[in-house]
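S.K.: My questions all concern the structure below.
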2 protein chains.
Amino acid sequence: MSEKEVEQEEVKTEHSECGGKYVEMIKKIDNNMPCEEEFYDLSELFKMLGDSTRVKILYALSQGEMCVCDIVELLDVTQSAVSHQLRLLKQARLVKYRRSGKSAIYSISDDHVYTILSMGMEHISE
Amino acid sequence: MSEKEVEQEEVKTEHSECGGKYVEMIKKIDNNMPCEEEFYDLSELFKMLGDSTRVKILYALSQGEMCVCDIVELLDVTQSAVSHQLRLLKQARLVKYRRSGKSAIYSISDDHVYTILSMGMEHISE
DNA sequence: TAAACATATGAACATTTATTCATATGAAAG
DNA sequence: CTTTCATATGAATAAATGTTCATATGTTTA
């Protein structure tokens, strides 16, 4: 197969017949699609909220900053597990922390997190 | 260890010294904590959005209803993969569908989904 | 009814992920 | 400086998840 033919194949519109009336719409959407990276970041964000332990931690922190041992006491999770999850949340910039003596005080890093969390809770109660 | 001693251990408050000023707050939060099931549902919801393919599908559908082959064409994913993911999204009630001839037309099941998606996109762009 | 098309699904596989256990780090108190 | 308390982390393990491949189902058309 020559290069020219390959090029042609790339160009030709392979849309199944079924689409029909949608073809135009699809083209428009395709042009405005967020890029691969945006989708990746978006899914990574939600992935962070997609775990029971982490969502509990975030809920707890949404009530106010607290240290690791408070979280451990509040939820029923191992100190180690909490610590591991806090690291992920910190990496994802969903929480921040500061040290205070022996303790590490964690808090929600910005309001968006709280909003998304609320939206989610609103959604599941219907 | 006698049963009595076990009971005592359950009752005693094991909060680490570090908490101190937070103890009262923790108690209040603890009383208003959503139950295990709510956290589970919440994390399941976000888990559905925590995958690149699914988030792409949802974004596509947020632009308007479309059939499976439209989605396949729009995103760069196998028909099989799309179908599998649509099944999960349907189970989670994030999308609904209707049949039309040979095609299956999918659409976002309610506005919350769209809102949560938007919140997410807003969050990642900062 | 046979062929063609659109979609769905089961099984297998590879990857990711969350927890646990043991232990390390780091800070404060004695 | 040693002990104690608070937190972090690496390795191992088990479980969950997403994709692929092959094939099944269901619908229309010839």
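Here's how to read the names in the structure tokens: chain A, B, ... by the order shown, residue numbers from 1 in each chain, ligand numbers from 1 in the order shown.
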Neighbours of DT23 in chain C within 12 Å (only C-alpha atoms (C1' of nucleotides); same-chain residues fewer than 3 positions away dropped), as a ChimeraX atom specification?
M.R.: /A:80 /D:8-11
S.K.: Taking only C-alpha atoms (C1' of nucleotides) into account and nothing else, which residues of chain C lie no more than 8 Å away from chain A? Please answer as a list in words.
M.R.: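 Only these qualify: DT19, DG26, DA27 and DA28 of chain C.
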S.K.: Using only C-alpha atoms (C1' of nucleotides), which protein or nucleic acid residues come within 12 Å of range 68-70 of chain B? Drop anything in the same chain fewer than 3 positions from it, and give the result as a VMD selection string.
M.R.: (chain A and resid 14 to 27 29 to 30) or (chain B and resid 57 60 to 61 64 to 65 73 to 87 97 to 100 102 to 107) or (chain C and resid 5 to 8)
S.K.: Kindly provide, as a PyMOL selection string, the residues of chain B having any atom no farther than 6 Å from an atom of chain A, counting only C-alpha atoms.
M.R.: chain B and resi 39-40+43+46-47+49-52
S.K.: Which distance in Å separates C1' of DA22 in chain C and CA of Leu58 in chain A, to one decimal?
M.R.: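 According to the coordinates, C1' of DA22 in chain C and CA of Leu58 in chain A are separated by 27.6 Å.
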S.K.: Would you give me, as CSV, each residue of chain D having an atom within 9 Å of an atom of chain B, along with its shortest atom pair and that distance in Å to one decimal, using only C-alpha atoms (C1' of nucleotides) and sorting by chain and residue number?
M.R.:
```
residue,atom,partner,partner_atom,distance
D:DC5,C1',B:Ser16,CA,8.7
D:DA6,C1',B:Cys18,CA,8.0
D:DG18,C1',B:Ala81,CA,8.0
D:DT19,C1',B:Ala81,CA,6.6
D:DT20,C1',B:Ser80,CA,8.4
D:DG26,C1',B:Lys102,CA,8.0
D:DT27,C1',B:Lys102,CA,5.1
D:DT28,C1',B:Lys102,CA,7.0
```
S.K.: Mind writing the picked residues with N, CA and C atoms (P, O5', C5', C4', C3', O3' and C1' of nucleotides) as a PDB file, in the first residue's frame?
M.R.:
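As a result, part12.pdb now contains:
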```pdb
ATOM      1  P    DC D   5       4.097   7.235  75.312  1.00  0.00           P
ATOM      2  O5'  DC D   5       3.559   8.251  74.206  1.00  0.00           O
ATOM      3  C5'  DC D   5       3.684   9.651  74.435  1.00  0.00           C
ATOM      4  C4'  DC D   5       3.743  10.359  73.098  1.00  0.00           C
ATOM      5  C3'  DC D   5       2.631   9.944  72.125  1.00  0.00           C
ATOM      6  O3'  DC D   5       1.978  11.127  71.701  1.00  0.00           O
ATOM      7  C1'  DC D   5       4.734   9.936  71.055  1.00  0.00           C
ATOM      8  P    DA D   6       0.676  10.999  70.788  1.00  0.00           P
ATOM      9  O5'  DA D   6       1.285  11.325  69.362  1.00  0.00           O
ATOM     10  C5'  DA D   6       1.634  12.656  69.053  1.00  0.00           C
ATOM     11  C4'  DA D   6       2.013  12.740  67.596  1.00  0.00           C
ATOM     12  C3'  DA D   6       0.959  12.171  66.638  1.00  0.00           C
ATOM     13  O3'  DA D   6       0.713  13.142  65.640  1.00  0.00           O
ATOM     14  C1'  DA D   6       3.077  11.215  66.199  1.00  0.00           C
ATOM     15  P    DG D  18     -12.347   0.621  35.940  1.00  0.00           P
ATOM     16  O5'  DG D  18     -11.429   0.133  34.741  1.00  0.00           O
ATOM     17  C5'  DG D  18     -10.140   0.689  34.585  1.00  0.00           C
ATOM     18  C4'  DG D  18      -9.559   0.220  33.261  1.00  0.00           C
ATOM     19  C3'  DG D  18     -10.508   0.394  32.074  1.00  0.00           C
ATOM     20  O3'  DG D  18      -9.751   0.883  30.969  1.00  0.00           O
ATOM     21  C1'  DG D  18      -9.960  -1.915  32.359  1.00  0.00           C
ATOM     22  P    DT D  19     -10.402   1.078  29.541  1.00  0.00           P
ATOM     23  O5'  DT D  19      -9.797  -0.145  28.736  1.00  0.00           O
ATOM     24  C5'  DT D  19      -8.369  -0.287  28.726  1.00  0.00           C
ATOM     25  C4'  DT D  19      -7.987  -1.575  28.031  1.00  0.00           C
ATOM     26  C3'  DT D  19      -8.630  -1.754  26.660  1.00  0.00           C
ATOM     27  O3'  DT D  19      -7.589  -1.907  25.700  1.00  0.00           O
ATOM     28  C1'  DT D  19      -8.889  -3.716  28.002  1.00  0.00           C
ATOM     29  P    DT D  20      -8.000  -2.034  24.130  1.00  0.00           P
ATOM     30  O5'  DT D  20      -7.879  -3.600  23.862  1.00  0.00           O
ATOM     31  C5'  DT D  20      -6.768  -4.323  24.394  1.00  0.00           C
ATOM     32  C4'  DT D  20      -6.951  -5.815  24.132  1.00  0.00           C
ATOM     33  C3'  DT D  20      -7.538  -6.150  22.760  1.00  0.00           C
ATOM     34  O3'  DT D  20      -6.731  -7.159  22.148  1.00  0.00           O
ATOM     35  C1'  DT D  20      -8.792  -7.196  24.478  1.00  0.00           C
ATOM     36  P    DG D  26     -31.630 -11.410  22.651  1.00  0.00           P
ATOM     37  O5'  DG D  26     -31.862 -10.155  21.691  1.00  0.00           O
ATOM     38  C5'  DG D  26     -31.225  -8.919  21.986  1.00  0.00           C
ATOM     39  C4'  DG D  26     -31.302  -8.021  20.769  1.00  0.00           C
ATOM     40  C3'  DG D  26     -32.619  -8.135  19.993  1.00  0.00           C
ATOM     41  O3'  DG D  26     -33.030  -6.817  19.670  1.00  0.00           O
ATOM     42  C1'  DG D  26     -30.821  -8.374  18.531  1.00  0.00           C
ATOM     43  P    DT D  27     -34.541  -6.500  19.266  1.00  0.00           P
ATOM     44  O5'  DT D  27     -34.352  -5.645  17.940  1.00  0.00           O
ATOM     45  C5'  DT D  27     -33.331  -4.641  17.895  1.00  0.00           C
ATOM     46  C4'  DT D  27     -33.022  -4.325  16.452  1.00  0.00           C
ATOM     47  C3'  DT D  27     -34.241  -4.342  15.523  1.00  0.00           C
ATOM     48  O3'  DT D  27     -34.285  -3.107  14.834  1.00  0.00           O
ATOM     49  C1'  DT D  27     -32.461  -5.555  14.575  1.00  0.00           C
ATOM     50  P    DT D  28     -35.577  -2.642  14.002  1.00  0.00           P
ATOM     51  O5'  DT D  28     -35.060  -2.714  12.495  1.00  0.00           O
ATOM     52  C5'  DT D  28     -34.031  -1.803  12.070  1.00  0.00           C
ATOM     53  C4'  DT D  28     -33.321  -2.389  10.868  1.00  0.00           C
ATOM     54  C3'  DT D  28     -34.143  -2.378   9.578  1.00  0.00           C
ATOM     55  O3'  DT D  28     -33.453  -1.565   8.636  1.00  0.00           O
ATOM     56  C1'  DT D  28     -32.974  -4.423   9.865  1.00  0.00           C
TER      57       DT D  28
END
```
S.K.: In range 27-107 of chain A, what's strand (DSSP E) per DSSP? Answer as JSON, numbers by chain?
M.R.: {"A": [66, 67, 95, 96, 97, 98, 99, 100, 103, 104, 105, 106, 107]}
S.K.: Would you mind writing down, as a ChimeraX atom specification, each residue of chain B that DSSP on the backbone assigns to alpha helix (DSSP H)?
M.R.: /B:3-11,23-32,36-49,52-62,68-74,79-91,111-124
S.K.: Excluding same-chain residues fewer than 2 positions from DG10 in chain C, what lies within 10 Å of it counting only C-alpha atoms (C1' of nucleotides), as a PyMOL selection string?
M.R.: (chain C and resi 12) or (chain D and resi 22-24)
